[in-house]
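Okay, so here's the structure we're looking at.
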Amino acid sequence: MSITLSDLLAAGGLELTRHGSAPLSPRPIQWVAVTELEDPSPFLGGGEVVLTTGLRHGSSAAQQRFVQSVERAGALGIGFGTGLSHASVPAPLLAEADRLGMPVFEVPYGTPFMALGKRVADSLSAQHVAQLHQLLSGHQVLAEALLSGKGLPRLLAQLSQLVEADVALFQYGAPVFATSDPDPSWRRIPVPTGMRDRCTLAIAEPSVQPDIIAYAQSLIGVELNNQAARRASSRAVTGQLLGDVVDGRLAGQDAAVRLQAAGIDPDLRQAVLLVEVASGQIRTLPALPLPTGFNGAPTALHENRLALVVPAADANGLAAELSAYLFGAGLTAKVGIGGSYTETAGLRWSYYEAREALRNGAAVNEPDRLNLTSLLMASRDVPLSDLAAEALDPLVAFDSRHGAQLIPTLDTYLLLNGSVAAVAADLGLHRNTVRYRLAQIAELTGYDPAVTADRVHLYLALNVRRLGS
């Protein structure tokens, strides 16, 4: 193990004698340097014991300069070999060493300098071997913790014990695990995952075994990537199941059994949360980790949105927490909240409501009352695009050729509940002009905006056209 100057002086067989009153440093000796130079400081790195016979230090001034040089280099002590050029440790050298606080000891003629060097080298070698054993043991402990089936929490708990300090792991700025409340003063170490998730490992100070941290970083990175791959795969599978339920391809007992297998219990009152992000950020959704409050919540990817099925009573609170997390992660996101229902059909309605809520555009959007128009446009069984094109293409073509503004007139007419006067005021037209345009619309499409059934058809067509544009 590491050896200090006090240990060296006490070592048996060397017969070293301490001189002077300078205190001994508790720092471990880094090496033994043998020199007869008047100024050895350029060749010292600090932490050495410097051995000399004083061969070139005949004068008091030379002896003082030698001590000053050794002290300036950060050496821990001077070992003076007697019996060759000096019968004893020179008094001027010892006085200067006491003045500068540099310990001095005598090495008798019968003790070769090599014996001191070997003693320190053996100690350093033993220390290195012990560190390697400790490091390998730490590697084994961390690897076994990760493979124990308890994942990152177990690994990080073991790491905390190895470094004798609290640790915490963050992804997207949110804590994944912590052995105690993290403090801003903790040392932050980036963990490369390749996912741009701003993953950091925080360690309280002081800590020990810094070499084990690098190995922990690599294990954490590997595990986080494995978790991301599992999340993406699971969300794709559950997303297919959710799509089948939402689109009406799967219902009844078959749906209930498959949902149960995916962790969604149709007998419980649950709500759907839908996350919609900017188009350039959609690729983050499959593997996006979630805050700890969502542990165990089934998640799915459907229609480029992340769906979460949560207990109905907690839906609003979890939606707010999720929104704050997404903002902190740097995502431009909206969260839609679905209604509270049970059974397979309830999951379907909740999804529709969450999707409809997203149209409000806020960071967190509570469910509105579903209307027949929204449900009809949500159906994949109705050829809405074809119906919309059949009704509106003649108007689009006519507007393109003549600049007649029939589409804007129709849109305003429906928005203002069929009031010719209101349309004329809004568009700055004469009422007869509005009536003339409405007659043209009826003639070109075969649908009369003044007839309720035709008006509904044209209203749906315009909505479908807006969604598709």
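In the structure tokens, the first chain shown is A, the next is B, and so on; residue numbers restart at 1 for each chain, and ligands run from 1 in the order shown.
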
Inset, instruction - Give the strand (DSSP E or B) residues of segment 79-209 of chain A, as DSSP finds them on the backbone, and put them as a list in words. - result: Gly79, Phe80, Gly81, Val104, Phe105, Glu106, Val107, Val167, Ala168, Leu169, Phe170, Gln171, Ala174, Pro175, Val176, Phe177, Ala178, Arg187, Arg188, Ile189, Pro190, Thr200, Leu201, Ala202 and Ile203 of chain A

Inset, instruction - May I have the residues within 12 Å of Ser323 of chain A as a count of residues only, using only C-alpha atoms and disregarding those fewer than 3 positions away in the same chain? - result: 28

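Put simply, atom CA of Asp98 of chain A is 5.3 Å away from atom CA of Ala22 of chain A.
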
Rows by chain and residue number, segment 203-249 of chain A within 12 Å of segment 178-190 of chain A, shortest pair, only C-alpha atoms, as JSON lines:
{"residue": "A:Ile203", "atom": "CA", "partner": "A:Arg187", "partner_atom": "CA", "distance": 5.2}
{"residue": "A:Ala204", "atom": "CA", "partner": "A:Trp186", "partner_atom": "CA", "distance": 4.5}
{"residue": "A:Glu205", "atom": "CA", "partner": "A:Trp186", "partner_atom": "CA", "distance": 6.4}
{"residue": "A:Pro206", "atom": "CA", "partner": "A:Trp186", "partner_atom": "CA", "distance": 9.3}
{"residue": "A:Ser207", "atom": "CA", "partner": "A:Arg187", "partner_atom": "CA", "distance": 10.0}
{"residue": "A:Pro210", "atom": "CA", "partner": "A:Ile189", "partner_atom": "CA", "distance": 11.6}
{"residue": "A:Ile213", "atom": "CA", "partner": "A:Ile189", "partner_atom": "CA", "distance": 9.1}
{"residue": "A:Ala214", "atom": "CA", "partner": "A:Ile189", "partner_atom": "CA", "distance": 9.4}
{"residue": "A:Ala216", "atom": "CA", "partner": "A:Ile189", "partner_atom": "CA", "distance": 10.9}
{"residue": "A:Gln217", "atom": "CA", "partner": "A:Pro190", "partner_atom": "CA", "distance": 8.2}
{"residue": "A:Ser218", "atom": "CA", "partner": "A:Pro190", "partner_atom": "CA", "distance": 10.7}
{"residue": "A:Ile220", "atom": "CA", "partner": "A:Pro190", "partner_atom": "CA", "distance": 10.8}
{"residue": "A:Gly221", "atom": "CA", "partner": "A:Pro190", "partner_atom": "CA", "distance": 10.0}

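Shortest atom-to-atom contact with Thr35 of chain A among A:Gly79, A:Tyr172, A:Arg65, A:Leu5: A:Gly79, counting only C-alpha atoms.
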
Legend entry - Atomic distance atom CA of Ser41 of chain A - atom CA of Met114 of chain A, expressed in Å with one decimal: 20.9 Å

Legend entry - Residues within 9 Å of segment 60-64 of chain A, only C-alpha atoms, excluding chain neighbours under 5 positions, as a list in words: Glu38, Gly54, Ser69, Pro90, Ala91, Pro92, Leu93, Leu94, Ala95, Glu96 and Ala97 of chain A

Keeping only all heavy atoms, write the selected residues to a file as a CSV table (one decimal), in the first residue's frame.
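Listing of out-v9.csv after writing:
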chain,number,residue,atom,x,y,z
A,38,GLU,N,23.4,20.6,-7.9
A,38,GLU,CA,23.2,21.7,-7.0
A,38,GLU,C,21.7,22.2,-7.0
A,38,GLU,O,21.2,22.7,-6.0
A,38,GLU,CB,24.2,22.9,-7.4
A,38,GLU,CG,25.6,22.5,-7.1
A,38,GLU,CD,26.5,23.7,-7.5
A,38,GLU,OE1,26.0,24.8,-7.6
A,38,GLU,OE2,27.7,23.5,-7.6
A,54,GLY,N,25.7,14.9,-0.9
A,54,GLY,CA,26.2,16.3,-0.7
A,54,GLY,C,27.6,16.4,-1.3
A,54,GLY,O,28.4,17.3,-1.0
A,69,SER,N,16.0,24.6,-3.5
A,69,SER,CA,15.6,24.0,-4.8
A,69,SER,C,14.7,22.8,-4.6
A,69,SER,O,13.6,22.7,-5.2
A,69,SER,CB,16.9,23.5,-5.5
A,69,SER,OG,16.5,22.8,-6.7
A,90,PRO,N,25.2,18.2,7.3
A,90,PRO,CA,25.7,19.6,7.5
A,90,PRO,C,24.7,20.5,8.3
A,90,PRO,O,23.5,20.5,7.9
A,90,PRO,CB,26.0,20.1,6.1
A,90,PRO,CG,26.1,18.8,5.3
A,90,PRO,CD,25.2,17.8,5.9
A,91,ALA,N,25.3,21.2,9.2
A,91,ALA,CA,24.4,22.1,10.0
A,91,ALA,C,23.7,23.2,9.2
A,91,ALA,O,22.5,23.5,9.4
A,91,ALA,CB,25.2,22.7,11.1
A,92,PRO,N,24.4,23.8,8.2
A,92,PRO,CA,23.7,24.8,7.4
A,92,PRO,C,22.5,24.2,6.6
A,92,PRO,O,21.5,24.9,6.5
A,92,PRO,CB,24.8,25.4,6.5
A,92,PRO,CG,26.1,25.1,7.2
A,92,PRO,CD,25.9,23.8,7.9
A,93,LEU,N,22.7,23.0,6.1
A,93,LEU,CA,21.6,22.4,5.3
A,93,LEU,C,20.5,22.1,6.3
A,93,LEU,O,19.3,22.4,5.9
A,93,LEU,CB,22.2,21.1,4.7
A,93,LEU,CG,21.2,20.3,3.9
A,93,LEU,CD1,21.9,19.6,2.7
A,93,LEU,CD2,20.4,19.3,4.7
A,94,LEU,N,20.8,21.6,7.5
A,94,LEU,CA,19.7,21.3,8.4
A,94,LEU,C,19.0,22.6,8.9
A,94,LEU,O,17.7,22.6,9.0
A,94,LEU,CB,20.3,20.6,9.6
A,94,LEU,CG,19.3,19.9,10.6
A,94,LEU,CD1,18.3,19.0,9.9
A,94,LEU,CD2,20.0,19.2,11.7
A,95,ALA,N,19.7,23.7,9.1
A,95,ALA,CA,19.1,24.9,9.6
A,95,ALA,C,18.1,25.5,8.5
A,95,ALA,O,17.0,25.9,8.8
A,95,ALA,CB,20.2,25.9,9.9
A,96,GLU,N,18.6,25.4,7.2
A,96,GLU,CA,17.8,25.9,6.1
A,96,GLU,C,16.5,25.0,6.0
A,96,GLU,O,15.4,25.5,5.7
A,96,GLU,CB,18.5,26.0,4.9
A,96,GLU,CG,17.8,26.6,3.7
A,96,GLU,CD,17.5,28.1,3.9
A,96,GLU,OE1,18.0,28.7,4.8
A,96,GLU,OE2,16.7,28.6,3.0
A,97,ALA,N,16.7,23.7,6.2
A,97,ALA,CA,15.5,22.8,6.0
A,97,ALA,C,14.5,23.1,7.1
A,97,ALA,O,13.3,23.1,6.9
A,97,ALA,CB,16.0,21.4,6.1

Inset, instruction - Just the residues within 8 Å of segment 396-398 of chain A, please, counting only C-alpha atoms, with nothing from its chain fewer than 6 positions along; format it as a PyMOL selection string. - result: chain A and resi 404+406-407

Legend entry - Shell of 10 Å around segment 116-133 of chain A, only C-alpha atoms, local chain residues under 2 positions omitted, as a PyMOL selection string: chain A and resi 1-5+7-9+11+14+16+28-34+49+51+79+107+111-114+135-139+209+211

Inset, instruction - Can you list, as a PyMOL selection string, all residues belonging to segment 173-240 of chain A that DSSP tags as alpha helix (DSSP H)? - result: chain A and resi 210-240

Pull N, CA and C atoms from the residues just selected and write them as a PDB file, in the first residue's frame.
ATOM      1  N   PRO A 210     -12.433   6.933  -8.213  1.00  0.00           N
ATOM      2  CA  PRO A 210     -12.854   7.638  -9.433  1.00  0.00           C
ATOM      3  C   PRO A 210     -12.798   6.759 -10.683  1.00  0.00           C
ATOM      4  N   ASP A 211     -11.903   5.747 -10.680  1.00  0.00           N
ATOM      5  CA  ASP A 211     -11.775   4.900 -11.879  1.00  0.00           C
ATOM      6  C   ASP A 211     -13.030   4.056 -12.129  1.00  0.00           C
ATOM      7  N   ILE A 212     -13.767   3.725 -11.071  1.00  0.00           N
ATOM      8  CA  ILE A 212     -14.951   2.874 -11.245  1.00  0.00           C
ATOM      9  C   ILE A 212     -16.074   3.645 -11.929  1.00  0.00           C
ATOM     10  N   ILE A 213     -16.024   4.980 -11.857  1.00  0.00           N
ATOM     11  CA  ILE A 213     -17.100   5.795 -12.430  1.00  0.00           C
ATOM     12  C   ILE A 213     -17.137   5.662 -13.948  1.00  0.00           C
ATOM     13  N   ALA A 214     -15.952   5.597 -14.586  1.00  0.00           N
ATOM     14  CA  ALA A 214     -15.916   5.464 -16.049  1.00  0.00           C
ATOM     15  C   ALA A 214     -16.582   4.170 -16.503  1.00  0.00           C
ATOM     16  N   TYR A 215     -16.352   3.102 -15.745  1.00  0.00           N
ATOM     17  CA  TYR A 215     -16.991   1.826 -16.092  1.00  0.00           C
ATOM     18  C   TYR A 215     -18.506   1.911 -15.883  1.00  0.00           C
ATOM     19  N   ALA A 216     -18.903   2.577 -14.795  1.00  0.00           N
ATOM     20  CA  ALA A 216     -20.338   2.749 -14.541  1.00  0.00           C
ATOM     21  C   ALA A 216     -20.991   3.549 -15.663  1.00  0.00           C
ATOM     22  N   GLN A 217     -20.295   4.573 -16.171  1.00  0.00           N
ATOM     23  CA  GLN A 217     -20.831   5.360 -17.286  1.00  0.00           C
ATOM     24  C   GLN A 217     -21.157   4.472 -18.484  1.00  0.00           C
ATOM     25  N   SER A 218     -20.209   3.581 -18.829  1.00  0.00           N
ATOM     26  CA  SER A 218     -20.423   2.725 -20.000  1.00  0.00           C
ATOM     27  C   SER A 218     -21.579   1.764 -19.776  1.00  0.00           C
ATOM     28  N   LEU A 219     -21.685   1.197 -18.575  1.00  0.00           N
ATOM     29  CA  LEU A 219     -22.791   0.281 -18.281  1.00  0.00           C
ATOM     30  C   LEU A 219     -24.135   1.019 -18.329  1.00  0.00           C
ATOM     31  N   ILE A 220     -24.169   2.224 -17.779  1.00  0.00           N
ATOM     32  CA  ILE A 220     -25.406   2.998 -17.788  1.00  0.00           C
ATOM     33  C   ILE A 220     -25.816   3.317 -19.222  1.00  0.00           C
ATOM     34  N   GLY A 221     -24.849   3.721 -20.053  1.00  0.00           N
ATOM     35  CA  GLY A 221     -25.144   4.018 -21.447  1.00  0.00           C
ATOM     36  C   GLY A 221     -25.712   2.821 -22.189  1.00  0.00           C
ATOM     37  N   VAL A 222     -25.105   1.650 -21.969  1.00  0.00           N
ATOM     38  CA  VAL A 222     -25.589   0.427 -22.618  1.00  0.00           C
ATOM     39  C   VAL A 222     -27.007   0.100 -22.161  1.00  0.00           C
ATOM     40  N   GLU A 223     -27.252   0.185 -20.852  1.00  0.00           N
ATOM     41  CA  GLU A 223     -28.570  -0.157 -20.323  1.00  0.00           C
ATOM     42  C   GLU A 223     -29.635   0.822 -20.817  1.00  0.00           C
ATOM     43  N   LEU A 224     -29.305   2.106 -20.868  1.00  0.00           N
ATOM     44  CA  LEU A 224     -30.282   3.087 -21.349  1.00  0.00           C
ATOM     45  C   LEU A 224     -30.620   2.854 -22.820  1.00  0.00           C
ATOM     46  N   ASN A 225     -29.626   2.473 -23.611  1.00  0.00           N
ATOM     47  CA  ASN A 225     -29.902   2.150 -25.011  1.00  0.00           C
ATOM     48  C   ASN A 225     -30.766   0.902 -25.135  1.00  0.00           C
ATOM     49  N   ASN A 226     -30.506  -0.092 -24.287  1.00  0.00           N
ATOM     50  CA  ASN A 226     -31.351  -1.294 -24.290  1.00  0.00           C
ATOM     51  C   ASN A 226     -32.786  -0.952 -23.894  1.00  0.00           C
ATOM     52  N   GLN A 227     -32.924  -0.109 -22.878  1.00  0.00           N
ATOM     53  CA  GLN A 227     -34.265   0.305 -22.463  1.00  0.00           C
ATOM     54  C   GLN A 227     -34.979   1.046 -23.593  1.00  0.00           C
ATOM     55  N   ALA A 228     -34.245   1.919 -24.297  1.00  0.00           N
ATOM     56  CA  ALA A 228     -34.850   2.680 -25.400  1.00  0.00           C
ATOM     57  C   ALA A 228     -35.337   1.734 -26.494  1.00  0.00           C
ATOM     58  N   ALA A 229     -34.530   0.717 -26.808  1.00  0.00           N
ATOM     59  CA  ALA A 229     -34.935  -0.244 -27.842  1.00  0.00           C
ATOM     60  C   ALA A 229     -36.176  -1.016 -27.408  1.00  0.00           C
ATOM     61  N   ARG A 230     -36.223  -1.380 -26.118  1.00  0.00           N
ATOM     62  CA  ARG A 230     -37.399  -2.112 -25.625  1.00  0.00           C
ATOM     63  C   ARG A 230     -38.641  -1.221 -25.644  1.00  0.00           C
ATOM     64  N   ARG A 231     -38.481   0.056 -25.274  1.00  0.00           N
ATOM     65  CA  ARG A 231     -39.620   0.971 -25.302  1.00  0.00           C
ATOM     66  C   ARG A 231     -40.155   1.126 -26.723  1.00  0.00           C
ATOM     67  N   ALA A 232     -39.240   1.323 -27.668  1.00  0.00           N
ATOM     68  CA  ALA A 232     -39.670   1.528 -29.059  1.00  0.00           C
ATOM     69  C   ALA A 232     -40.416   0.312 -29.587  1.00  0.00           C
ATOM     70  N   SER A 233     -39.903  -0.876 -29.272  1.00  0.00           N
ATOM     71  CA  SER A 233     -40.559  -2.102 -29.731  1.00  0.00           C
ATOM     72  C   SER A 233     -41.927  -2.271 -29.082  1.00  0.00           C
ATOM     73  N   SER A 234     -41.984  -2.049 -27.783  1.00  0.00           N
ATOM     74  CA  SER A 234     -43.250  -2.205 -27.061  1.00  0.00           C
ATOM     75  C   SER A 234     -44.294  -1.201 -27.541  1.00  0.00           C
ATOM     76  N   ARG A 235     -43.868   0.044 -27.762  1.00  0.00           N
ATOM     77  CA  ARG A 235     -44.821   1.070 -28.191  1.00  0.00           C
ATOM     78  C   ARG A 235     -45.333   0.803 -29.599  1.00  0.00           C
ATOM     79  N   ALA A 236     -44.494   0.217 -30.434  1.00  0.00           N
ATOM     80  CA  ALA A 236     -44.947  -0.114 -31.782  1.00  0.00           C
ATOM     81  C   ALA A 236     -46.014  -1.205 -31.742  1.00  0.00           C
ATOM     82  N   VAL A 237     -45.786  -2.236 -30.925  1.00  0.00           N
ATOM     83  CA  VAL A 237     -46.738  -3.341 -30.814  1.00  0.00           C
ATOM     84  C   VAL A 237     -48.042  -2.868 -30.186  1.00  0.00           C
ATOM     85  N   THR A 238     -47.934  -2.135 -29.065  1.00  0.00           N
ATOM     86  CA  THR A 238     -49.131  -1.640 -28.395  1.00  0.00           C
ATOM     87  C   THR A 238     -49.853  -0.611 -29.262  1.00  0.00           C
ATOM     88  N   GLY A 239     -49.096   0.150 -30.052  1.00  0.00           N
ATOM     89  CA  GLY A 239     -49.709   1.109 -30.961  1.00  0.00           C
ATOM     90  C   GLY A 239     -50.559   0.434 -32.021  1.00  0.00           C
ATOM     91  N   GLN A 240     -50.098  -0.719 -32.498  1.00  0.00           N
ATOM     92  CA  GLN A 240     -50.896  -1.473 -33.473  1.00  0.00           C
ATOM     93  C   GLN A 240     -52.197  -1.957 -32.839  1.00  0.00           C
TER      94      GLN A 240
END

Legend entry - Long-range neighbours of Val420 of chain A as number ranges by chain, 12 Å cut-off, only C-alpha atoms, 3 positions minimum in chain: A: 409-410, 412-417, 423-438, 449-450

Selection export as a compact mmCIF listing (two decimals), in the first residue's frame, atoms kept: N, CA and C atoms:
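Produced file selection-v6.txt, reproduced below:
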# COMPACT_ATOMS: atom_id res chain seq x y z
N THR A 409 -66.71 32.13 -49.86
CA THR A 409 -68.09 32.54 -49.57
C THR A 409 -68.86 31.43 -48.87
N LEU A 410 -68.70 30.19 -49.35
CA LEU A 410 -69.39 29.06 -48.73
C LEU A 410 -68.89 28.86 -47.30
N THR A 412 -67.62 31.04 -45.22
CA THR A 412 -68.13 32.11 -44.35
C THR A 412 -69.62 31.92 -44.10
N TYR A 413 -70.36 31.53 -45.11
CA TYR A 413 -71.81 31.31 -44.98
C TYR A 413 -72.10 30.24 -43.92
N LEU A 414 -71.35 29.15 -43.95
CA LEU A 414 -71.55 28.08 -42.96
C LEU A 414 -71.09 28.52 -41.57
N LEU A 415 -69.99 29.27 -41.52
CA LEU A 415 -69.47 29.73 -40.23
C LEU A 415 -70.45 30.70 -39.56
N LEU A 416 -71.15 31.49 -40.37
CA LEU A 416 -72.09 32.49 -39.82
C LEU A 416 -73.53 31.98 -39.82
N ASN A 417 -73.64 30.64 -39.78
CA ASN A 417 -74.94 30.00 -39.58
C ASN A 417 -75.97 30.35 -40.67
N VAL A 423 -72.89 37.42 -43.90
CA VAL A 423 -71.84 37.11 -44.88
C VAL A 423 -71.51 38.35 -45.69
N ALA A 424 -72.56 39.08 -46.14
CA ALA A 424 -72.34 40.30 -46.92
C ALA A 424 -71.53 41.31 -46.13
N ALA A 425 -71.83 41.47 -44.84
CA ALA A 425 -71.10 42.42 -44.01
C ALA A 425 -69.66 41.96 -43.80
N ASP A 426 -69.47 40.68 -43.59
CA ASP A 426 -68.13 40.16 -43.31
C ASP A 426 -67.23 40.25 -44.53
N LEU A 427 -67.77 39.95 -45.71
CA LEU A 427 -66.97 39.94 -46.94
C LEU A 427 -67.01 41.26 -47.70
N GLY A 428 -67.82 42.22 -47.23
CA GLY A 428 -67.92 43.51 -47.89
C GLY A 428 -68.63 43.42 -49.24
N LEU A 429 -69.69 42.59 -49.32
CA LEU A 429 -70.42 42.36 -50.56
C LEU A 429 -71.87 42.83 -50.42
N HIS A 430 -72.52 42.98 -51.57
CA HIS A 430 -73.96 43.24 -51.56
C HIS A 430 -74.66 41.91 -51.28
N ARG A 431 -75.80 41.97 -50.62
CA ARG A 431 -76.53 40.74 -50.29
C ARG A 431 -76.89 39.95 -51.55
N ASN A 432 -77.25 40.67 -52.62
CA ASN A 432 -77.60 39.97 -53.86
C ASN A 432 -76.40 39.22 -54.44
N THR A 433 -75.20 39.79 -54.23
CA THR A 433 -73.99 39.10 -54.69
C THR A 433 -73.81 37.79 -53.93
N VAL A 434 -74.06 37.83 -52.62
CA VAL A 434 -73.95 36.60 -51.81
C VAL A 434 -74.97 35.57 -52.30
N ARG A 435 -76.22 36.02 -52.53
CA ARG A 435 -77.26 35.09 -53.00
C ARG A 435 -76.87 34.49 -54.36
N TYR A 436 -76.30 35.34 -55.23
CA TYR A 436 -75.91 34.86 -56.55
C TYR A 436 -74.83 33.78 -56.43
N ARG A 437 -73.86 34.02 -55.55
CA ARG A 437 -72.79 33.03 -55.36
C ARG A 437 -73.36 31.73 -54.78
N LEU A 438 -74.28 31.82 -53.85
CA LEU A 438 -74.87 30.61 -53.27
C LEU A 438 -75.62 29.83 -54.34
N PRO A 449 -76.81 25.07 -50.27
CA PRO A 449 -76.46 25.47 -48.90
C PRO A 449 -77.66 25.87 -48.06
N ALA A 450 -78.78 26.16 -48.70
CA ALA A 450 -79.97 26.56 -47.92
C ALA A 450 -80.72 25.36 -47.38

Legend entry - d(atom CA of Asp386 of chain A, atom CA of Thr452 of chain A) in Å: 21.0 Å

Inset, instruction - Would you list the contacts of Ala262 of chain A as a PyMOL selection string, taking every protein, DNA or RNA residue within 10 Å and counting only C-alpha atoms, but skipping same-chain residues closer than 5 positions in sequence? - result: chain A and resi 234+237-238+241-242+256-257+298-300
